[in-house]
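Structure file protein-v2.txt (compact mmCIF, C-alpha atoms and all ligand atoms) is printed below.
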```txt
# COMPACT_ATOMS: atom_id res chain seq x y z
CA MET A 266 75.10 86.09 80.02
CA SER A 267 77.41 83.52 81.46
CA ARG A 268 77.44 80.73 83.99
CA ARG A 269 81.16 81.19 84.58
CA SER A 270 83.25 84.17 85.67
CA ILE A 271 83.55 86.68 82.89
CA GLY A 272 86.96 87.53 81.40
CA LEU A 273 87.85 91.21 81.27
CA ASP A 274 89.36 92.63 78.10
CA ASP A 275 90.78 96.16 78.20
CA ALA A 276 87.52 97.83 77.18
CA LEU A 277 85.46 96.00 79.79
CA HIS A 278 88.08 96.63 82.47
CA ARG A 279 88.04 100.35 81.59
CA TYR A 280 84.24 100.30 81.86
CA LEU A 281 84.39 98.58 85.25
CA LEU A 282 86.68 101.34 86.51
CA ASP A 283 84.56 104.07 84.94
CA VAL A 284 81.39 102.96 86.67
CA SER A 285 82.75 101.86 90.03
CA LEU A 286 86.15 103.23 91.02
CA ARG A 287 86.02 105.91 93.71
CA GLU A 288 89.71 106.44 94.31
CA PRO A 289 90.69 109.37 96.52
CA ASP A 290 93.14 111.80 94.90
CA VAL A 291 95.99 110.90 97.27
CA MET A 292 95.69 107.22 96.36
CA ARG A 293 95.68 108.03 92.65
CA ARG A 294 98.86 110.07 93.13
CA LEU A 295 100.49 107.26 95.14
CA ARG A 296 99.67 104.89 92.29
CA GLU A 297 101.04 107.26 89.66
CA GLU A 298 104.30 107.82 91.55
CA THR A 299 104.73 104.06 92.05
CA ALA A 300 103.97 103.39 88.37
CA ALA A 301 107.26 105.09 87.46
CA ARG A 302 109.22 102.44 89.39
CA GLU A 303 110.57 99.25 87.78
CA ASP A 304 108.91 97.12 90.46
CA ALA A 305 105.52 98.84 90.06
CA ASN A 306 103.68 95.61 89.22
CA MET A 307 103.94 94.65 92.90
CA GLN A 308 101.18 97.14 93.68
CA ILE A 309 97.59 95.96 93.95
CA ALA A 310 94.97 97.20 91.46
CA PRO A 311 92.85 100.18 92.56
CA GLU A 312 89.59 98.23 92.20
CA GLN A 313 91.13 95.62 94.51
CA GLY A 314 91.95 98.30 97.10
CA GLN A 315 88.34 99.46 96.98
CA PHE A 316 87.10 95.87 97.27
CA MET A 317 89.29 95.25 100.32
CA ALA A 318 88.06 98.49 101.91
CA LEU A 319 84.50 97.25 101.42
CA LEU A 320 85.36 93.90 103.05
CA VAL A 321 86.88 95.72 106.02
CA ARG A 322 83.73 97.82 106.44
CA LEU A 323 81.39 94.85 105.92
CA GLY A 324 83.19 92.91 108.64
CA GLY A 325 83.38 95.87 110.99
CA ALA A 326 87.12 95.22 111.30
CA GLU A 327 89.11 97.29 113.78
CA ARG A 328 92.46 95.51 114.04
CA THR A 329 94.04 94.42 110.78
CA LEU A 330 97.27 92.80 109.71
CA GLU A 331 99.19 93.25 106.46
CA ILE A 332 102.08 91.11 105.25
CA GLY A 333 103.89 92.92 102.42
CA THR A 334 103.36 96.67 102.25
CA TYR A 335 105.58 98.01 99.43
CA THR A 336 104.77 101.70 98.83
CA GLY A 337 101.69 101.56 101.03
CA TYR A 338 98.66 101.42 98.75
CA SER A 339 96.79 98.46 100.27
CA ALA A 340 97.52 99.55 103.85
CA LEU A 341 96.20 103.02 102.99
CA ALA A 342 93.03 101.60 101.45
CA VAL A 343 92.40 99.47 104.55
CA ALA A 344 93.35 102.17 107.08
CA ALA A 345 91.00 104.68 105.46
CA ALA A 346 88.14 102.18 105.80
CA LEU A 347 88.74 101.60 109.52
CA PRO A 348 87.02 103.53 112.30
CA PRO A 349 89.15 106.28 113.94
CA HIS A 350 90.49 103.91 116.61
CA GLY A 351 91.19 101.13 114.07
CA ARG A 352 94.75 99.97 113.42
CA VAL A 353 96.78 98.29 110.67
CA THR A 354 99.88 96.33 111.71
CA ALA A 355 102.00 96.20 108.56
CA CYS A 356 104.92 93.74 108.14
CA GLU A 357 107.54 94.86 105.61
CA ILE A 358 111.16 93.82 105.15
CA SER A 359 112.35 96.93 103.27
CA ALA A 360 113.02 100.11 105.23
CA GLU A 361 113.09 102.02 101.94
CA PHE A 362 109.58 100.91 101.00
CA ALA A 363 108.28 101.53 104.53
CA GLU A 364 109.59 105.10 104.39
CA ILE A 365 107.90 105.80 101.04
CA ALA A 366 104.66 104.30 102.41
CA ARG A 367 104.83 106.40 105.57
CA ARG A 368 105.13 109.60 103.52
CA TRP A 369 101.87 108.77 101.72
CA TRP A 370 100.10 107.72 104.90
CA VAL A 371 101.00 111.06 106.48
CA GLU A 372 99.67 112.89 103.44
CA ALA A 373 96.45 110.85 103.53
CA GLY A 374 95.99 111.50 107.26
CA VAL A 375 96.08 107.81 108.25
CA ALA A 376 99.67 107.50 109.57
CA GLU A 377 98.53 107.23 113.21
CA LYS A 378 96.49 104.17 112.29
CA ILE A 379 99.40 102.19 110.81
CA ASP A 380 102.17 100.50 112.80
CA VAL A 381 105.02 99.04 110.70
CA ARG A 382 106.91 95.98 111.88
CA LEU A 383 110.14 96.13 109.92
CA GLY A 384 111.93 92.84 109.17
CA PRO A 385 111.17 89.34 107.89
CA ALA A 386 107.43 88.86 108.32
CA VAL A 387 107.65 85.34 109.77
CA GLU A 388 109.72 86.74 112.64
CA SER A 389 107.35 89.69 113.12
CA LEU A 390 104.33 87.38 113.19
CA ASP A 391 106.01 84.99 115.63
CA ARG A 392 106.79 87.96 117.88
CA MET A 393 103.13 89.01 117.77
CA LEU A 394 102.14 85.50 118.87
CA GLU A 395 104.67 85.72 121.72
CA GLU A 396 103.20 89.10 122.67
CA GLY A 397 99.83 87.40 123.19
CA LEU A 398 98.10 88.76 120.07
CA THR A 399 96.54 85.37 119.24
CA GLY A 400 92.98 85.88 117.95
CA ARG A 401 93.28 89.66 118.20
CA PHE A 402 92.99 90.58 114.50
CA ASP A 403 89.76 90.88 112.52
CA PHE A 404 91.32 90.92 109.07
CA ALA A 405 94.65 89.98 107.47
CA PHE A 406 96.06 90.59 103.99
CA ILE A 407 98.86 88.30 102.77
CA ASP A 408 100.89 89.83 99.91
CA ALA A 409 104.63 89.30 100.56
CA ASP A 410 107.08 86.73 99.10
CA LYS A 411 105.06 83.91 97.56
CA LYS A 412 107.31 81.06 98.74
CA ALA A 413 106.42 81.83 102.35
CA TYR A 414 102.62 82.04 101.83
CA SER A 415 102.01 78.78 103.70
CA GLU A 416 104.01 80.05 106.67
CA TYR A 417 102.05 83.30 106.68
CA TRP A 418 98.81 81.34 106.37
CA GLU A 419 99.47 79.23 109.47
CA ARG A 420 100.38 82.29 111.52
CA CYS A 421 97.37 84.28 110.29
CA LEU A 422 95.10 81.39 111.28
CA ARG A 423 96.30 81.91 114.84
CA LEU A 424 96.37 85.72 114.85
CA VAL A 425 92.95 86.28 113.23
CA ARG A 426 89.92 85.64 115.44
CA ARG A 427 87.16 83.17 114.61
CA GLY A 428 84.83 84.83 112.11
CA GLY A 429 87.65 87.11 110.92
CA LEU A 430 88.84 87.26 107.33
CA ILE A 431 92.17 86.31 105.72
CA VAL A 432 92.68 87.73 102.22
CA VAL A 433 95.49 86.34 100.05
CA ASP A 434 96.76 88.10 96.93
CA ASN A 435 98.10 86.86 93.57
CA VAL A 436 96.60 83.39 93.84
CA LEU A 437 96.04 83.27 90.04
CA TRP A 438 99.62 84.54 89.42
CA ASP A 439 98.99 86.09 86.03
CA GLY A 440 97.46 82.81 84.83
CA GLN A 441 100.74 80.91 85.25
CA VAL A 442 99.29 78.60 87.94
CA ALA A 443 97.14 76.97 85.23
CA ASP A 444 99.96 76.62 82.71
CA PRO A 445 102.09 73.48 83.26
CA ALA A 446 104.94 75.09 81.31
CA HIS A 447 105.51 77.36 84.29
CA THR A 448 107.52 75.62 87.00
CA GLU A 449 109.17 78.61 88.68
CA ASP A 450 109.52 78.47 92.47
CA ALA A 451 106.90 81.17 93.07
CA THR A 452 104.41 79.54 90.68
CA GLU A 453 104.85 76.14 92.32
CA ALA A 454 104.54 77.71 95.76
CA ILE A 455 101.24 79.38 94.86
CA ARG A 456 99.92 76.13 93.33
CA ALA A 457 100.78 74.21 96.48
CA PHE A 458 99.32 76.97 98.64
CA ASN A 459 96.03 77.05 96.69
CA ALA A 460 95.63 73.27 96.91
CA ARG A 461 96.35 73.34 100.62
CA VAL A 462 93.82 76.10 101.29
CA ARG A 463 91.13 74.30 99.25
CA ASP A 464 91.48 71.34 101.62
CA ASP A 465 91.80 73.35 104.82
CA ASP A 466 88.60 72.84 106.82
CA ARG A 467 89.55 75.56 109.31
CA VAL A 468 88.14 78.19 106.91
CA ASP A 469 85.18 79.04 104.68
CA LEU A 470 86.53 79.89 101.26
CA SER A 471 86.08 81.78 98.02
CA LEU A 472 88.64 82.59 95.32
CA VAL A 473 87.60 85.81 93.62
CA PRO A 474 89.10 86.83 90.25
CA VAL A 475 89.72 90.43 91.30
CA GLY A 476 93.13 91.82 90.39
CA ASP A 477 95.57 88.90 90.17
CA GLY A 478 93.20 86.56 92.04
CA LEU A 479 92.21 87.00 95.65
CA THR A 480 91.41 84.21 98.10
CA LEU A 481 88.96 85.16 100.83
CA ALA A 482 89.01 82.86 103.85
CA ARG A 483 86.78 83.24 106.89
CA VAL A 484 88.25 81.63 109.97
CA ARG A 485 85.86 79.03 111.39
N1 LIG A 501 100.47 95.23 99.31
C1 LIG A 501 101.40 96.08 98.56
C2 LIG A 501 100.66 97.17 97.81
O1 LIG A 501 99.44 97.30 97.96
O2 LIG A 501 101.27 97.92 97.05
C3 LIG A 501 102.27 95.28 97.65
C4 LIG A 501 103.21 94.32 98.35
S1 LIG A 501 104.50 93.70 97.33
C5 LIG A 501 103.69 92.60 96.28
C6 LIG A 501 105.38 92.60 98.40
C7 LIG A 501 106.13 93.28 99.53
O3 LIG A 501 106.58 92.26 100.43
C8 LIG A 501 107.38 94.05 99.10
O4 LIG A 501 107.30 95.36 99.59
C9 LIG A 501 108.53 93.31 99.75
O5 LIG A 501 109.59 94.14 100.19
C10 LIG A 501 107.85 92.63 100.93
N2 LIG A 501 108.51 91.41 101.39
C11 LIG A 501 109.15 90.46 100.63
N3 LIG A 501 109.62 89.49 101.41
C12 LIG A 501 109.28 89.81 102.69
C13 LIG A 501 109.50 89.20 103.95
N4 LIG A 501 110.15 88.04 104.06
N5 LIG A 501 109.01 89.81 105.04
C14 LIG A 501 108.32 90.98 104.95
N6 LIG A 501 108.10 91.61 103.78
C15 LIG A 501 108.57 91.03 102.66
CA CA A 502 100.25 91.44 95.25
```
Here is a file; write its structure as structure tokens.
Ligand code: SAM
Ligand code: CA
Amino acid sequence: MSRRSIGLDDALHRYLLDVSLREPDVMRRLREETAAREDANMQIAPEQGQFMALLVRLGGAERTLEIGTYTGYSALAVAAALPPHGRVTACEISAEFAEIARRWWVEAGVAEKIDVRLGPAVESLDRMLEEGLTGRFDFAFIDADKKAYSEYWERCLRLVRRGGLIVVDNVLWDGQVADPAHTEDATEAIRAFNARVRDDDRVDLSLVPVGDGLTLARVR
């Protein structure tokens, strides 16, 4: 027993997956295809996808936002958890990634639920604000370039309604955030972001050590 969060070694992680992961076949195949790519570590963990799907269902979310889509795993997990009329608006800068993602969404039968906004996410989010989408989203997932997290955060706080949830990925950054030897731009950006969110009284907060660390923030 422990009064602090338990660490997961390989055996315990395997056990966790064995007794809890319910990954649909199409998502497993998407993960396996992506695993062959050099940039595969950008993909979220399957247990994290399942956790996010549960959050979406718990909150009864219908309109969701994603910032950073890559080959489409997280958007697929969220879209599959939405009701039939639910929608994901996915911001992605790479047309190549968006095309790969679309192929999997079609195969999974969720393509009609996902609208991709291609281009730099800050511009896409600003356009959504101009379009009058303030407060219109129930859930947002931030997972694009780490240096811009604070910019995404401010925009999500406007786009997500009160009581909605903002979920932020990679906030433990492979442990590097706690190691002073790491001073890379992305590490420093995540450190600054985490400290800022801790002190942000516009949200209720929990940092959950799922995957690479996930901050859950409920908009007050
Ligand atoms: N959520 C994805 C998944 O489940 O597999 C992983 C996202 S990956 C960590 C980050 C993504 O953000 C990449 O696909 C990258 O092309 C995209 N990205 C990077 N900078 C961006 C920007 N300025 N605007 C929009 N997307 C960006
Ligand atoms: Ca990530």
| note | Computed gap from atom O3 of ligand LIG 501 (chain A) to CA of Asp391 in chain A is 16.9 Å
| message | Quick check, in Å to one decimal: how far apart do CA of Gly384 in chain A and CA of Glu453 in chain A lie? | response |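 Between these atoms lies a distance of 24.8 Å.
Between CA of Glu377 in chain A and CA of Lys411 in chain A the interatomic distance comes to 28.8 Å.
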Enclose the full set of atoms of range 424-428 of chain A listed in the file within a box whose edges lie along x, y and z, apply 6 Å of padding to each of the six sides, and report centre and edge lengths in Å to one decimal as lines of an AutoDock Vina configuration file.
```
center_x = 90.6
center_y = 84.7
center_z = 113.8
size_x = 23.5
size_y = 15.1
size_z = 15.3
```
| said: How would you report the residues lying within 12 Å of ligand CA 502 (chain A), as JSON, numbers by chain, if you count all atoms listed in the file? | reply: {"A": [304, 305, 306, 307, 308, 309, 310, 311, 313, 314, 331, 332, 333, 334, 335, 336, 337, 338, 339, 406, 407, 408, 409, 410, 411, 414, 432, 433, 434, 435, 436, 437, 438, 439, 475, 476, 477, 478, 479, 480]}
Selected residues, C-alpha atoms, written as a PDB file, in the coordinates of the input, please.
```pdb
ATOM      1  CA  ASP A 304     108.910  97.120  90.460  1.00  0.00           C
ATOM      2  CA  ALA A 305     105.520  98.840  90.060  1.00  0.00           C
ATOM      3  CA  ASN A 306     103.680  95.610  89.220  1.00  0.00           C
ATOM      4  CA  MET A 307     103.940  94.650  92.900  1.00  0.00           C
ATOM      5  CA  GLN A 308     101.180  97.140  93.680  1.00  0.00           C
ATOM      6  CA  ILE A 309      97.590  95.960  93.950  1.00  0.00           C
ATOM      7  CA  ALA A 310      94.970  97.200  91.460  1.00  0.00           C
ATOM      8  CA  PRO A 311      92.850 100.180  92.560  1.00  0.00           C
ATOM      9  CA  GLN A 313      91.130  95.620  94.510  1.00  0.00           C
ATOM     10  CA  GLY A 314      91.950  98.300  97.100  1.00  0.00           C
ATOM     11  CA  GLU A 331      99.190  93.250 106.460  1.00  0.00           C
ATOM     12  CA  ILE A 332     102.080  91.110 105.250  1.00  0.00           C
ATOM     13  CA  GLY A 333     103.890  92.920 102.420  1.00  0.00           C
ATOM     14  CA  THR A 334     103.360  96.670 102.250  1.00  0.00           C
ATOM     15  CA  TYR A 335     105.580  98.010  99.430  1.00  0.00           C
ATOM     16  CA  THR A 336     104.770 101.700  98.830  1.00  0.00           C
ATOM     17  CA  GLY A 337     101.690 101.560 101.030  1.00  0.00           C
ATOM     18  CA  TYR A 338      98.660 101.420  98.750  1.00  0.00           C
ATOM     19  CA  SER A 339      96.790  98.460 100.270  1.00  0.00           C
ATOM     20  CA  PHE A 406      96.060  90.590 103.990  1.00  0.00           C
ATOM     21  CA  ILE A 407      98.860  88.300 102.770  1.00  0.00           C
ATOM     22  CA  ASP A 408     100.890  89.830  99.910  1.00  0.00           C
ATOM     23  CA  ALA A 409     104.630  89.300 100.560  1.00  0.00           C
ATOM     24  CA  ASP A 410     107.080  86.730  99.100  1.00  0.00           C
ATOM     25  CA  LYS A 411     105.060  83.910  97.560  1.00  0.00           C
ATOM     26  CA  TYR A 414     102.620  82.040 101.830  1.00  0.00           C
ATOM     27  CA  VAL A 432      92.680  87.730 102.220  1.00  0.00           C
ATOM     28  CA  VAL A 433      95.490  86.340 100.050  1.00  0.00           C
ATOM     29  CA  ASP A 434      96.760  88.100  96.930  1.00  0.00           C
ATOM     30  CA  ASN A 435      98.100  86.860  93.570  1.00  0.00           C
ATOM     31  CA  VAL A 436      96.600  83.390  93.840  1.00  0.00           C
ATOM     32  CA  LEU A 437      96.040  83.270  90.040  1.00  0.00           C
ATOM     33  CA  TRP A 438      99.620  84.540  89.420  1.00  0.00           C
ATOM     34  CA  ASP A 439      98.990  86.090  86.030  1.00  0.00           C
ATOM     35  CA  VAL A 475      89.720  90.430  91.300  1.00  0.00           C
ATOM     36  CA  GLY A 476      93.130  91.820  90.390  1.00  0.00           C
ATOM     37  CA  ASP A 477      95.570  88.900  90.170  1.00  0.00           C
ATOM     38  CA  GLY A 478      93.200  86.560  92.040  1.00  0.00           C
ATOM     39  CA  LEU A 479      92.210  87.000  95.650  1.00  0.00           C
ATOM     40  CA  THR A 480      91.410  84.210  98.100  1.00  0.00           C
TER      41      THR A 480
END
```
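When all atoms listed in the file are used to measure the gap to ligand LIG 501 (chain A), the shortest distance among A:Glu312, A:Glu372, A:Glu298, A:Glu357 belongs to A:Glu357.
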Please return range 333-344 of chain A, rebuilt to all heavy atoms, as a CSV table (one decimal), keeping the file's coordinate frame.
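part.csv written:
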```csv
chain,number,residue,atom,x,y,z
A,333,GLY,N,103.4,92.4,103.7
A,333,GLY,CA,103.9,92.9,102.4
A,333,GLY,C,103.2,94.2,102.1
A,333,GLY,O,102.1,94.3,101.7
A,334,THR,N,104.0,95.3,102.3
A,334,THR,CA,103.4,96.7,102.2
A,334,THR,C,103.8,97.5,101.1
A,334,THR,O,103.0,98.3,100.6
A,334,THR,CB,103.7,97.4,103.6
A,334,THR,OG1,103.0,96.7,104.6
A,334,THR,CG2,103.2,98.8,103.6
A,335,TYR,N,105.1,97.3,100.6
A,335,TYR,CA,105.6,98.0,99.4
A,335,TYR,C,105.4,99.5,99.6
A,335,TYR,O,105.7,100.0,100.7
A,335,TYR,CB,104.9,97.5,98.2
A,335,TYR,CG,105.4,98.0,96.8
A,335,TYR,CD1,106.8,98.1,96.6
A,335,TYR,CD2,104.5,98.3,95.8
A,335,TYR,CE1,107.2,98.6,95.4
A,335,TYR,CE2,105.0,98.7,94.6
A,335,TYR,CZ,106.4,98.9,94.4
A,335,TYR,OH,106.8,99.3,93.2
A,336,THR,N,104.9,100.3,98.7
A,336,THR,CA,104.8,101.7,98.8
A,336,THR,C,103.5,102.2,99.5
A,336,THR,O,103.2,103.3,99.6
A,336,THR,CB,104.9,102.4,97.5
A,336,THR,OG1,103.9,101.9,96.6
A,336,THR,CG2,106.3,102.2,96.8
A,337,GLY,N,102.7,101.2,100.1
A,337,GLY,CA,101.7,101.6,101.0
A,337,GLY,C,100.3,101.6,100.6
A,337,GLY,O,99.4,102.0,101.3
A,338,TYR,N,100.0,101.2,99.3
A,338,TYR,CA,98.7,101.4,98.8
A,338,TYR,C,97.6,100.6,99.5
A,338,TYR,O,96.6,101.1,99.9
A,338,TYR,CB,98.6,101.1,97.3
A,338,TYR,CG,97.4,101.5,96.6
A,338,TYR,CD1,97.3,102.8,96.0
A,338,TYR,CD2,96.3,100.7,96.5
A,338,TYR,CE1,96.1,103.2,95.3
A,338,TYR,CE2,95.1,101.1,95.9
A,338,TYR,CZ,95.0,102.3,95.3
A,338,TYR,OH,93.9,102.7,94.7
A,339,SER,N,97.8,99.3,99.6
A,339,SER,CA,96.8,98.5,100.3
A,339,SER,C,96.6,98.8,101.7
A,339,SER,O,95.4,98.9,102.2
A,339,SER,CB,97.1,97.0,100.1
A,339,SER,OG,98.4,96.7,100.6
A,340,ALA,N,97.7,99.2,102.4
A,340,ALA,CA,97.5,99.6,103.8
A,340,ALA,C,96.7,100.8,104.0
A,340,ALA,O,95.9,101.0,104.9
A,340,ALA,CB,98.9,99.7,104.5
A,341,LEU,N,96.9,101.8,103.0
A,341,LEU,CA,96.2,103.0,103.0
A,341,LEU,C,94.7,102.8,102.7
A,341,LEU,O,93.8,103.3,103.4
A,341,LEU,CB,96.8,104.0,101.9
A,341,LEU,CG,96.1,105.3,101.6
A,341,LEU,CD1,95.6,106.0,102.8
A,341,LEU,CD2,97.1,106.2,100.8
A,342,ALA,N,94.4,101.9,101.8
A,342,ALA,CA,93.0,101.6,101.4
A,342,ALA,C,92.3,101.0,102.7
A,342,ALA,O,91.2,101.4,103.0
A,342,ALA,CB,93.0,100.6,100.3
A,343,VAL,N,93.0,100.1,103.4
A,343,VAL,CA,92.4,99.5,104.6
A,343,VAL,C,92.3,100.5,105.7
A,343,VAL,O,91.2,100.6,106.3
A,343,VAL,CB,93.2,98.2,105.0
A,343,VAL,CG1,92.8,97.7,106.3
A,343,VAL,CG2,93.0,97.1,103.9
A,344,ALA,N,93.4,101.2,105.9
A,344,ALA,CA,93.4,102.2,107.1
A,344,ALA,C,92.2,103.2,106.9
A,344,ALA,O,91.5,103.5,107.9
A,344,ALA,CB,94.7,102.9,107.2
```
